file run01.txt (compact mmCIF, C-alpha atoms)
# COMPACT_ATOMS: atom_id res chain seq x y z
CA MET A 1 0.00 0.00 0.00
CA LYS A 2 1.61 3.21 -1.08
CA GLU A 3 1.99 6.04 1.39
CA SER A 4 -0.34 8.91 0.79
CA ILE A 5 1.12 12.31 0.11
CA ILE A 6 2.59 13.66 3.31
CA LYS A 7 1.29 17.13 3.87
CA PRO A 8 3.25 19.34 6.21
CA ARG A 9 1.11 20.13 9.21
CA THR A 10 1.74 23.23 11.21
CA ILE A 11 1.71 22.73 14.97
CA LYS A 12 1.88 25.57 17.47
CA PRO A 13 2.38 28.64 15.31
CA ILE A 14 3.53 31.30 17.73
CA ASP A 15 3.79 34.41 15.68
CA LEU A 16 2.76 34.43 12.05
CA ALA A 17 4.76 37.57 11.36
CA GLY A 18 7.84 35.45 11.03
CA PHE A 19 9.39 34.67 14.36
CA SER A 20 7.72 31.31 14.52
CA ARG A 21 9.09 28.30 16.25
CA THR A 22 6.87 25.98 14.34
CA PHE A 23 7.25 22.25 14.26
CA ARG A 24 6.32 20.64 11.00
CA TYR A 25 5.85 16.91 10.69
CA PHE A 26 6.93 15.16 7.53
CA GLY A 27 5.91 11.53 7.78
CA ARG A 28 7.31 10.15 11.00
CA SER A 29 10.22 12.54 11.44
CA LYS A 30 9.83 15.65 13.50
CA ILE A 31 11.63 18.59 12.01
CA GLN A 32 12.34 21.67 14.00
CA VAL A 33 12.45 24.94 12.13
CA ARG A 34 14.96 27.53 13.21
CA THR A 35 13.59 30.94 14.09
CA ASN A 36 14.63 33.97 12.12
CA LEU A 37 16.60 35.21 15.09
CA GLY A 38 18.25 31.86 15.74
CA LEU A 39 16.94 31.86 19.28
CA LEU A 40 16.75 28.13 19.52
CA SER A 41 20.47 27.74 18.86
CA LEU A 42 21.12 30.05 21.80
CA LEU A 43 18.72 28.29 24.10
CA PHE A 44 19.67 24.75 23.17
CA PRO A 45 23.27 24.76 21.92
CA SER A 46 23.67 21.01 22.34
CA LEU A 47 21.04 20.37 19.69
CA SER A 48 23.28 21.69 16.95
CA SER A 49 25.23 18.46 16.72
CA ARG A 50 22.28 16.23 15.92
CA PRO A 51 22.04 15.07 12.30
CA TYR A 52 18.41 15.95 11.76
CA LEU A 53 19.27 19.58 12.27
CA SER A 54 20.85 19.63 8.83
CA LEU A 55 17.26 19.99 7.76
CA LEU A 56 16.83 23.07 9.94
CA ARG A 57 17.08 25.27 6.91
CA LEU A 58 13.89 23.64 5.64
CA ALA A 59 12.01 26.53 4.19
CA LYS A 60 8.56 26.90 5.62
CA PRO A 61 6.05 29.03 3.82
CA PHE A 62 4.45 31.46 6.20
CA PRO A 63 1.54 33.70 5.38
CA LEU A 64 2.20 37.25 4.33
CA ILE A 65 -0.04 39.42 6.43
CA CYS A 66 -0.53 42.51 4.31
CA LYS A 67 -2.67 44.71 6.47
CA ARG A 68 -2.28 43.61 10.04
CA SER A 69 -4.01 46.61 11.48
CA MET A 70 -7.31 46.02 9.73
CA ALA A 71 -10.16 44.53 11.69
CA SER A 72 -11.27 42.42 8.74
CA ASP A 73 -8.03 40.47 8.89
CA GLY A 74 -9.56 37.41 10.48
CA ALA A 75 -10.94 35.91 7.28
CA GLU A 76 -7.86 36.81 5.26
CA ASP A 77 -5.53 35.28 7.90
CA HIS A 78 -7.58 32.09 7.83
CA ARG A 79 -7.31 31.81 4.07
CA LEU A 80 -3.59 32.50 4.01
CA ARG A 81 -2.93 30.01 6.79
CA ARG A 82 -4.76 27.32 4.89
CA ILE A 83 -2.97 28.15 1.65
CA ALA A 84 0.47 28.19 3.29
CA SER A 85 -0.05 24.95 5.15
CA SER A 86 -1.27 23.17 2.04
CA ILE A 87 2.04 23.70 0.24
CA ARG A 88 4.58 20.97 0.84
CA VAL A 89 8.33 21.28 0.81
CA ILE A 90 10.43 18.61 -0.87
CA PRO A 91 14.12 18.67 0.06
CA GLU A 92 16.85 17.93 -2.47
CA PHE A 93 14.68 18.52 -5.55
CA PRO A 94 15.49 18.98 -8.39
CA LYS A 95 19.01 18.77 -7.02
CA PRO A 96 20.84 18.68 -3.66
CA GLY A 97 20.57 21.81 -1.59
CA ILE A 98 17.28 22.96 -3.05
CA LEU A 99 14.08 22.95 -0.99
CA PHE A 100 11.31 22.68 -3.55
CA GLN A 101 8.00 24.41 -2.83
CA ASP A 102 5.43 21.97 -4.18
CA ILE A 103 2.05 23.56 -4.94
CA THR A 104 0.47 20.30 -6.16
CA THR A 105 -0.74 19.63 -2.61
CA LEU A 106 -2.47 23.03 -2.65
CA LEU A 107 -4.32 21.88 -5.77
CA LEU A 108 -5.52 18.80 -3.88
CA ASP A 109 -7.35 21.04 -1.41
CA PRO A 110 -10.26 22.57 -3.33
CA GLU A 111 -10.91 25.19 -0.67
CA ALA A 112 -7.27 26.31 -0.55
CA PHE A 113 -7.10 26.42 -4.35
CA ARG A 114 -10.33 28.44 -4.49
CA ASP A 115 -9.01 30.82 -1.80
CA THR A 116 -5.75 31.29 -3.73
CA ILE A 117 -7.59 32.31 -6.88
CA ASP A 118 -10.06 34.48 -4.94
CA MET A 119 -7.27 36.47 -3.30
CA PHE A 120 -5.78 37.33 -6.68
CA VAL A 121 -9.17 38.05 -8.25
CA GLU A 122 -10.14 40.37 -5.39
CA ARG A 123 -6.95 42.33 -5.94
CA TYR A 124 -7.22 42.64 -9.73
CA ARG A 125 -10.91 42.69 -10.65
CA ASP A 126 -11.22 46.48 -10.63
CA LYS A 127 -7.83 47.27 -12.16
CA GLU A 128 -8.91 47.03 -15.83
CA ILE A 129 -6.53 44.20 -16.58
CA SER A 130 -6.99 42.98 -20.15
CA VAL A 131 -4.26 40.31 -20.26
CA VAL A 132 -3.19 37.61 -17.83
CA ALA A 133 0.08 36.02 -18.93
CA GLY A 134 0.98 32.68 -17.35
CA ILE A 135 4.41 31.11 -17.45
CA GLU A 136 4.68 27.46 -18.49
CA ALA A 137 3.74 25.22 -16.88
CA ARG A 138 2.57 26.01 -13.33
CA GLY A 139 1.54 29.52 -14.37
CA PHE A 140 -0.98 27.75 -16.63
CA ILE A 141 -2.72 26.40 -13.53
CA PHE A 142 -3.22 29.72 -11.72
CA GLY A 143 -3.46 32.16 -14.65
CA PRO A 144 -6.56 30.93 -16.51
CA PRO A 145 -8.93 30.87 -13.50
CA ILE A 146 -7.87 34.44 -12.70
CA ALA A 147 -8.28 35.52 -16.34
CA LEU A 148 -11.74 33.96 -16.53
CA ALA A 149 -12.89 35.64 -13.34
CA ILE A 150 -11.73 39.13 -14.34
CA GLY A 151 -12.70 38.84 -18.03
CA ALA A 152 -9.16 39.08 -19.39
CA LYS A 153 -7.39 37.24 -22.21
CA PHE A 154 -5.03 34.45 -21.17
CA VAL A 155 -1.64 34.42 -22.88
CA PRO A 156 0.65 31.40 -22.37
CA MET A 157 4.38 32.16 -22.14
CA ARG A 158 6.11 29.01 -23.32
CA LYS A 159 9.37 27.14 -23.68
CA PRO A 160 10.83 27.20 -27.22
CA LYS A 161 9.06 25.47 -30.13
CA LYS A 162 5.81 24.80 -28.30
CA LEU A 163 3.78 27.69 -29.72
CA PRO A 164 2.77 27.28 -33.36
CA GLY A 165 2.90 30.20 -35.75
CA GLU A 166 4.82 33.41 -35.39
CA VAL A 167 6.47 34.07 -32.03
CA ILE A 168 8.82 36.51 -30.36
CA SER A 169 11.40 35.17 -27.97
CA GLU A 170 13.50 36.34 -25.08
CA GLU A 171 16.57 34.67 -23.67
CA TYR A 172 17.16 34.61 -19.93
CA SER A 173 19.86 33.35 -17.59
CA LEU A 174 19.77 30.20 -15.56
CA GLU A 175 22.23 29.26 -12.85
CA TYR A 176 24.19 27.45 -15.56
CA GLY A 177 23.51 28.60 -19.12
CA THR A 178 20.44 30.22 -20.60
CA ASP A 179 16.90 29.34 -21.59
CA LYS A 180 14.35 30.94 -23.89
CA MET A 181 10.76 32.03 -23.47
CA GLU A 182 8.32 32.64 -26.32
CA MET A 183 5.05 34.50 -26.81
CA HIS A 184 2.77 34.68 -29.83
CA VAL A 185 3.02 37.72 -32.08
CA GLY A 186 -0.23 39.61 -31.74
CA ALA A 187 -1.24 38.12 -28.40
CA VAL A 188 -0.96 41.54 -26.81
CA GLU A 189 -1.83 44.88 -28.35
CA ALA A 190 -0.89 48.45 -27.57
CA GLY A 191 -2.99 49.62 -24.67
CA ASP A 192 -3.32 46.21 -23.03
CA ARG A 193 -2.80 46.17 -19.27
CA ALA A 194 -1.11 42.93 -18.25
CA LEU A 195 -0.53 40.77 -15.23
CA VAL A 196 2.21 38.11 -15.15
CA ILE A 197 1.44 34.98 -13.12
CA ASP A 198 3.65 32.15 -11.94
CA ASP A 199 3.48 29.80 -8.97
CA LEU A 200 6.75 30.99 -7.47
CA ILE A 201 9.36 33.73 -7.84
CA ALA A 202 12.96 32.79 -7.06
CA THR A 203 15.69 34.80 -8.81
CA GLY A 204 13.15 36.67 -10.94
CA GLY A 205 14.78 35.73 -14.25
CA THR A 206 11.70 34.07 -15.72
CA LEU A 207 9.33 36.85 -14.70
CA ALA A 208 11.72 39.49 -16.05
CA ALA A 209 11.85 37.71 -19.41
CA ALA A 210 8.05 37.52 -19.51
CA MET A 211 7.81 41.24 -18.75
CA ARG A 212 10.18 42.08 -21.60
CA LEU A 213 8.13 40.00 -24.02
CA LEU A 214 4.84 41.53 -22.93
CA GLY A 215 6.21 45.04 -22.92
CA GLY A 216 7.27 44.86 -26.53
CA PHE A 217 10.99 45.10 -25.84
CA SER A 218 11.73 41.90 -27.72
CA SER A 219 9.81 42.68 -30.88
CA THR A 220 10.91 44.78 -33.82
CA ASP A 221 7.85 47.01 -33.81
CA ARG A 222 8.00 47.50 -30.05
CA VAL A 223 4.24 47.07 -29.67
CA GLY A 224 3.48 45.96 -26.19
CA ALA A 225 1.35 46.01 -23.12
CA GLU A 226 1.78 47.84 -19.85
CA VAL A 227 2.76 45.29 -17.23
CA VAL A 228 0.78 46.36 -14.18
CA GLU A 229 2.05 43.77 -11.70
CA CYS A 230 3.65 40.37 -11.27
CA ALA A 231 1.77 37.94 -9.05
CA CYS A 232 2.98 34.68 -7.52
CA VAL A 233 1.71 32.33 -4.86
CA ILE A 234 5.16 32.01 -3.25
CA GLU A 235 8.25 34.22 -3.00
CA LEU A 236 11.74 33.15 -1.94
CA PRO A 237 12.77 36.58 -0.64
CA GLU A 238 16.41 35.68 -0.02
CA LEU A 239 16.93 35.32 -3.77
CA LYS A 240 15.87 38.95 -4.26
CA GLY A 241 13.84 38.32 -7.40
CA ARG A 242 11.70 41.32 -6.49
CA ASP A 243 14.60 43.59 -7.43
CA LYS A 244 14.83 42.21 -10.94
CA LEU A 245 11.40 43.34 -12.07
CA GLY A 246 12.37 46.69 -13.52
CA GLY A 247 10.63 48.57 -10.77
CA ARG A 248 7.32 46.83 -11.38
CA PRO A 249 5.44 45.73 -8.27
CA LEU A 250 5.26 42.12 -7.10
CA PHE A 251 2.37 40.66 -5.15
CA VAL A 252 2.68 37.32 -3.38
CA LEU A 253 0.57 35.37 -0.91
CA VAL A 254 3.27 33.55 1.04
CA LYS A 255 7.00 33.91 1.58
CA ALA A 256 9.22 30.92 2.19
CA VAL A 257 12.30 31.46 4.29
CA MET B 258 -13.17 23.31 -38.35
CA ALA B 259 -16.12 20.97 -38.67
CA VAL B 260 -18.56 21.67 -35.91
CA ARG B 261 -20.53 18.59 -34.93
CA GLU B 262 -23.98 18.71 -36.48
CA GLY B 263 -27.08 17.48 -34.78
CA LYS B 264 -29.87 18.60 -32.57
CA GLU B 265 -27.61 18.61 -29.54
CA GLN B 266 -25.33 21.36 -30.71
CA ASP B 267 -25.11 24.12 -28.15
CA PRO B 268 -25.36 27.67 -29.57
CA ARG B 269 -22.08 28.61 -27.90
CA ILE B 270 -20.07 26.12 -29.92
CA PRO B 271 -19.80 27.97 -33.26
CA ARG B 272 -18.06 30.91 -31.60
CA ILE B 273 -15.68 28.57 -29.79
CA ALA B 274 -14.94 26.68 -33.01
CA SER B 275 -14.24 29.82 -34.99
CA SER B 276 -11.86 31.11 -32.32
CA ILE B 277 -9.52 28.16 -32.81
CA ARG B 278 -6.91 28.69 -35.50
CA VAL B 279 -5.29 26.05 -37.63
CA VAL B 280 -1.55 26.33 -38.22
CA PRO B 281 -0.35 24.21 -41.15
CA ASP B 282 2.87 22.17 -41.09
CA PHE B 283 3.35 22.37 -37.33
CA PRO B 284 5.14 20.74 -35.57
CA LYS B 285 6.13 19.12 -38.86
CA LYS B 286 5.06 19.06 -42.49
CA GLY B 287 1.66 17.64 -43.19
CA ILE B 288 0.19 18.29 -39.77
CA MET B 289 -2.61 20.86 -39.45
CA PHE B 290 -2.14 22.03 -35.86
CA GLN B 291 -5.26 22.99 -33.91
CA ASP B 292 -4.14 26.06 -31.97
CA ILE B 293 -6.32 26.81 -28.95
CA THR B 294 -4.29 29.84 -27.87
CA THR B 295 -6.56 32.04 -29.99
CA LEU B 296 -9.54 30.66 -28.07
CA LEU B 297 -7.84 31.85 -24.89
CA LEU B 298 -7.61 35.35 -26.37
CA ASP B 299 -11.42 35.51 -26.56
CA PRO B 300 -12.66 35.73 -22.96
CA LYS B 301 -16.26 34.87 -23.88
CA ALA B 302 -15.24 31.84 -25.94
CA PHE B 303 -12.93 30.63 -23.16
CA LYS B 304 -15.63 31.10 -20.52
CA ASP B 305 -18.20 29.29 -22.69
CA THR B 306 -15.78 26.38 -23.20
CA VAL B 307 -15.30 25.95 -19.46
CA ASP B 308 -19.04 26.41 -18.80
CA LEU B 309 -19.95 23.64 -21.24
CA PHE B 310 -17.78 21.17 -19.34
CA VAL B 311 -18.87 22.43 -15.93
CA GLU B 312 -22.55 22.09 -16.84
CA ARG B 313 -21.94 18.49 -17.88
CA TYR B 314 -19.98 17.45 -14.78
CA THR B 315 -21.63 19.36 -11.94
CA GLY B 316 -23.51 17.11 -9.56
CA ARG B 317 -21.91 13.89 -10.76
CA ASP B 318 -19.80 13.36 -7.66
CA ILE B 319 -16.52 13.91 -9.45
CA SER B 320 -13.77 14.54 -6.92
CA VAL B 321 -10.74 14.58 -9.24
CA VAL B 322 -9.97 16.47 -12.42
CA ALA B 323 -6.71 15.26 -13.97
CA GLY B 324 -5.13 17.51 -16.58
CA VAL B 325 -2.41 16.46 -18.98
CA GLU B 326 0.62 18.75 -19.27
CA ALA B 327 0.60 21.46 -20.53
CA ARG B 328 -2.61 22.49 -22.29
CA GLY B 329 -4.67 20.29 -19.97
CA PHE B 330 -3.42 22.63 -17.22
CA ILE B 331 -5.30 25.49 -18.89
CA PHE B 332 -8.72 23.82 -19.10
CA GLY B 333 -8.61 21.44 -16.13
CA PRO B 334 -8.22 23.82 -13.16
CA PRO B 335 -11.17 26.11 -14.02
CA ILE B 336 -13.39 23.01 -14.34
CA ALA B 337 -12.04 21.58 -11.07
CA LEU B 338 -12.63 24.85 -9.22
CA ALA B 339 -16.18 25.15 -10.50
CA ILE B 340 -17.22 21.60 -9.58
CA GLY B 341 -15.31 21.54 -6.27
CA ALA B 342 -12.87 18.82 -7.29
CA LYS B 343 -9.13 18.41 -6.74
CA PHE B 344 -6.86 19.16 -9.66
CA VAL B 345 -4.16 16.59 -10.36
CA PRO B 346 -1.46 17.46 -12.90
CA LEU B 347 -0.20 14.61 -15.08
CA ARG B 348 3.31 15.51 -16.15
CA LYS B 349 6.26 14.61 -18.31
CA PRO B 350 9.02 12.74 -16.48
CA LYS B 351 11.05 14.38 -13.71
CA LYS B 352 8.81 17.43 -13.32
CA LEU B 353 6.84 16.27 -10.28
CA PRO B 354 8.84 16.27 -7.02
CA GLY B 355 8.48 13.45 -4.54
CA GLU B 356 7.09 9.98 -5.16
CA VAL B 357 5.38 9.31 -8.49
CA ILE B 358 3.94 6.49 -10.57
CA SER B 359 4.79 6.40 -14.30
CA GLU B 360 3.11 5.09 -17.39
CA ASN B 361 4.86 4.69 -20.72
CA TYR B 362 3.00 5.17 -23.97
CA VAL B 363 3.70 4.89 -27.65
CA LEU B 364 4.26 7.83 -29.98
CA GLU B 365 4.47 7.81 -33.75
CA TYR B 366 8.24 7.39 -33.33
CA GLY B 367 9.38 6.09 -29.97
CA THR B 368 7.75 6.30 -26.57
CA ASP B 369 6.95 8.91 -23.95
CA CYS B 370 6.03 8.78 -20.31
CA LEU B 371 3.41 10.38 -18.06
CA GLU B 372 3.70 10.67 -14.27
CA MET B 373 1.30 11.25 -11.38
CA HIS B 374 1.98 11.81 -7.70
CA VAL B 375 1.55 8.89 -5.34
CA GLY B 376 -1.32 9.71 -3.02
CA ALA B 377 -2.86 12.40 -5.21
CA VAL B 378 -5.84 10.16 -5.85
CA GLN B 379 -7.50 7.77 -3.38
CA PRO B 380 -9.11 4.46 -4.30
CA GLY B 381 -12.76 4.87 -5.18
CA GLU B 382 -12.53 8.49 -6.26
CA ARG B 383 -14.40 9.47 -9.42
CA ALA B 384 -12.15 11.19 -11.94
CA LEU B 385 -12.27 13.19 -15.14
CA VAL B 386 -9.35 13.45 -17.58
CA VAL B 387 -9.04 16.78 -19.41
CA ASP B 388 -6.89 17.73 -22.38
CA ASP B 389 -7.26 20.27 -25.18
CA LEU B 390 -7.28 17.72 -27.99
CA VAL B 391 -7.48 13.96 -28.59
CA ALA B 392 -5.60 12.60 -31.60
CA THR B 393 -4.41 8.97 -31.42
CA GLY B 394 -5.55 8.66 -27.82
CA GLY B 395 -2.16 7.51 -26.55
CA THR B 396 -1.81 10.28 -23.96
CA LEU B 397 -5.37 9.88 -22.67
CA CYS B 398 -4.89 6.12 -22.48
CA ALA B 399 -1.78 6.62 -20.32
CA ALA B 400 -3.68 9.07 -18.13
CA ILE B 401 -6.55 6.62 -17.63
CA SER B 402 -4.02 3.94 -16.70
CA LEU B 403 -2.38 6.09 -14.05
CA LEU B 404 -5.69 6.98 -12.43
CA GLU B 405 -6.92 3.37 -12.48
CA ARG B 406 -3.66 2.10 -11.02
CA ALA B 407 -4.26 4.46 -8.11
CA GLY B 408 -7.71 2.96 -7.68
CA ALA B 409 -9.81 5.76 -9.13
CA GLU B 410 -12.79 5.29 -11.39
CA VAL B 411 -12.39 7.29 -14.59
CA VAL B 412 -15.86 8.58 -15.36
CA GLU B 413 -15.06 10.26 -18.69
CA CYS B 414 -12.41 11.95 -20.80
CA ALA B 415 -13.13 15.50 -21.89
CA CYS B 416 -11.45 17.40 -24.71
CA VAL B 417 -12.24 20.52 -26.67
CA ILE B 418 -11.30 18.97 -30.04
CA GLU B 419 -11.23 15.46 -31.49
CA LEU B 420 -9.43 14.33 -34.65
CA PRO B 421 -11.82 11.44 -35.36
CA GLU B 422 -9.82 9.99 -38.25
CA LEU B 423 -7.06 9.06 -35.80
CA LYS B 424 -9.56 6.87 -33.89
CA GLY B 425 -8.39 7.92 -30.43
CA ARG B 426 -11.87 7.17 -29.12
CA GLU B 427 -11.18 3.44 -29.52
CA ARG B 428 -8.06 3.51 -27.34
CA LEU B 429 -9.67 4.70 -24.15
CA ASN B 430 -10.11 1.33 -22.51
CA GLY B 431 -13.87 1.51 -22.80
CA LYS B 432 -14.11 4.97 -21.25
CA ASN B 433 -16.44 7.51 -22.76
CA LEU B 434 -15.09 10.57 -24.55
CA TYR B 435 -16.89 13.92 -24.54
CA ILE B 436 -15.80 16.61 -26.98
CA LEU B 437 -17.06 19.98 -28.12
CA MET B 438 -16.00 19.73 -31.76
CA GLU B 439 -14.35 17.57 -34.38
CA SER B 440 -11.71 18.51 -36.88
CA HIS B 441 -11.36 16.66 -40.17
call {"tool": "encode", "arguments": {"input": "run01.txt", "output": "structure tokens"}}
result
Amino acid sequence: MKESIIKPRTIKPIDLAGFSRTFRYFGRSKIQVRTNLGLLSLLFPSLSSRPYLSLLRLAKPFPLICKRSMASDGAEDHRLRRIASSIRVIPEFPKPGILFQDITTLLLDPEAFRDTIDMFVERYRDKEISVVAGIEARGFIFGPPIALAIGAKFVPMRKPKKLPGEVISEEYSLEYGTDKMEMHVGAVEAGDRALVIDDLIATGGTLAAAMRLLGGFSSTDRVGAEVVECACVIELPELKGRDKLGGRPLFVLVKAV
Amino acid sequence: MAVREGKEQDPRIPRIASSIRVVPDFPKKGIMFQDITTLLLDPKAFKDTVDLFVERYTGRDISVVAGVEARGFIFGPPIALAIGAKFVPLRKPKKLPGEVISENYVLEYGTDCLEMHVGAVQPGERALVVDDLVATGGTLCAAISLLERAGAEVVECACVIELPELKGRERLNGKNLYILMESH
């Protein structure tokens, strides 16, 4: 009998603003997450020698509380908590040293998935957005429901040679080497107001490439949309992707540290 | 684009059909590629497409919508959200992190492989498989296999377009196929 997907469960959140000493259970092993201030290492120095603490850097998504002072926060907190706790972290994927934020478990929770979409739709429905661009492939999961709800076009931003017909392309850097992103010619028009969606922002390279394509910087006639905002479910703030977006704003639901 | 004739044709289908563009000789010579990206550029056509599937599957106790990478990821999630089902992505190899089950299938030249997460689907769940188009049926057949191996009951396969001459309908292990339009 195969094990069912192990969802990380949050026990004892102390302070959702980020100083949490939250214990997350993955299967049978108990993993202790270090606080931002490293308090635990001061209080319990002898723990540092135990092998399981090599997983202490396990990134835990915690909810981003945007407007803490507002009285209506209760419902928003509840939604963000559910969203954050539905995301599972897979260590050593796709290679050693990387803690992969896996949103597929969020998609297995219909309420969390609905809440995720609702939070984006609430933000963008009155902003006259005419284009939602989603980055292959996980941006294809979140982008279309948002586009449908706000009445915008959906434009897929794809790996090379997937889109038929005439395309414009933009190269971007990877850790080793480069990759290319393509968009259909004519997908966006002058005057379009665009949103770029992906599941996660890390270094910001992919989002920056998408913004250049949408903005017309990669095409010879320079026809393009105005990129209003980039939106992701998860941000890895330590990788400073936010700074690579040419001054355009970034909106995220959870940050993983 | 040949829209299916008959008394059952929904009035929304002609607009959807005309929003799909055909790109000749892609990905290789001789193939007339059915490009749904132009459908996605027409918000009303896209909404109508999703609505047609949602109307069919609401109230049928479907708890899983499985979408095949990558264009199945565009149509599957809106349907899943509307009917209150989970969305399960079926992906090319090495994309899904963690434990997976794999199913190989035959292409025109060579083979390919589809993967699904272990534990995404529980035995007894009722599932839908969604993709943009069915051609030979190889991909859908692999998808059905994965879901059945996990113990789910595949209720139906749903696609926007069928290429009936490629007889994909016959390769679905007895499962029913629902489509919005055919292309000859």
call {"tool": "closest_residue", "arguments": {"input": "run01.txt", "among": "B:Arg328, B:Arg313, B:Lys304, B:Arg269", "to": "B:Asp292", "atoms": "all atoms listed in the file"}}
result
B:Arg328
call {"tool": "atom_distance", "arguments": {"input": "run01.txt", "atom1": "atom CA of B:Lys424", "atom2": "atom CA of B:Glu360"}}
result
20.9 Å
call {"tool": "interface_residues", "arguments": {"input": "run01.txt", "of": "chain B", "to": "chain A", "cutoff": "6 Å", "atoms": "all atoms listed in the file", "output": "PyMOL selection string"}}
result
chain B and resi 297-298+300+330-331+335+341+343-344+376
call {"tool": "closest_residue", "arguments": {"input": "run01.txt", "among": "A:Leu214, A:Val257, A:Arg81, A:Val252", "to": "A:Glu238", "atoms": "only C-alpha atoms"}}
result
A:Val257
call {"tool": "atom_distance", "arguments": {"input": "run01.txt", "atom1": "atom CA of B:Pro354", "atom2": "atom CA of B:His374"}}
result
8.2 Å
call {"tool": "atom_distance", "arguments": {"input": "run01.txt", "atom1": "atom CA of B:Ile418", "atom2": "atom CA of A:Lys180"}}
result
29.0 Å
call {"tool": "build_atoms", "arguments": {"input": "run01.txt", "residues": "stretch 367-372 of chain B", "atoms": "all heavy atoms", "output": "compact mmCIF listing (two decimals), in the frame of the given file"}}
result
# COMPACT_ATOMS: atom_id res chain seq x y z
N GLY B 367 8.86 6.19 -31.33
CA GLY B 367 9.38 6.09 -29.97
C GLY B 367 8.29 6.07 -28.92
O GLY B 367 7.12 5.82 -29.21
N THR B 368 8.70 6.31 -27.70
CA THR B 368 7.75 6.30 -26.57
C THR B 368 7.91 7.55 -25.73
O THR B 368 8.91 8.25 -25.82
CB THR B 368 7.98 5.07 -25.66
OG1 THR B 368 9.31 5.14 -25.14
CG2 THR B 368 7.80 3.76 -26.40
N ASP B 369 6.89 7.81 -24.91
CA ASP B 369 6.95 8.91 -23.95
C ASP B 369 6.41 8.38 -22.63
O ASP B 369 6.00 7.21 -22.52
CB ASP B 369 6.14 10.11 -24.46
CG ASP B 369 6.65 11.43 -23.90
OD1 ASP B 369 7.33 11.42 -22.84
OD2 ASP B 369 6.36 12.47 -24.50
N CYS B 370 6.38 9.24 -21.65
CA CYS B 370 6.03 8.78 -20.31
C CYS B 370 5.23 9.86 -19.59
O CYS B 370 5.52 11.05 -19.74
CB CYS B 370 7.34 8.49 -19.57
SG CYS B 370 7.11 7.85 -17.94
N LEU B 371 4.23 9.45 -18.83
CA LEU B 371 3.41 10.38 -18.06
C LEU B 371 3.51 9.99 -16.59
O LEU B 371 3.53 8.79 -16.27
CB LEU B 371 1.96 10.23 -18.53
CG LEU B 371 1.04 11.43 -18.56
CD1 LEU B 371 1.62 12.57 -19.38
CD2 LEU B 371 -0.31 11.02 -19.12
N GLU B 372 3.56 10.97 -15.69
CA GLU B 372 3.70 10.67 -14.27
C GLU B 372 2.61 11.33 -13.45
O GLU B 372 2.08 12.40 -13.81
CB GLU B 372 5.08 11.15 -13.76
CG GLU B 372 6.25 10.38 -14.35
CD GLU B 372 7.60 10.77 -13.76
OE1 GLU B 372 7.71 11.87 -13.15
OE2 GLU B 372 8.55 9.96 -13.90
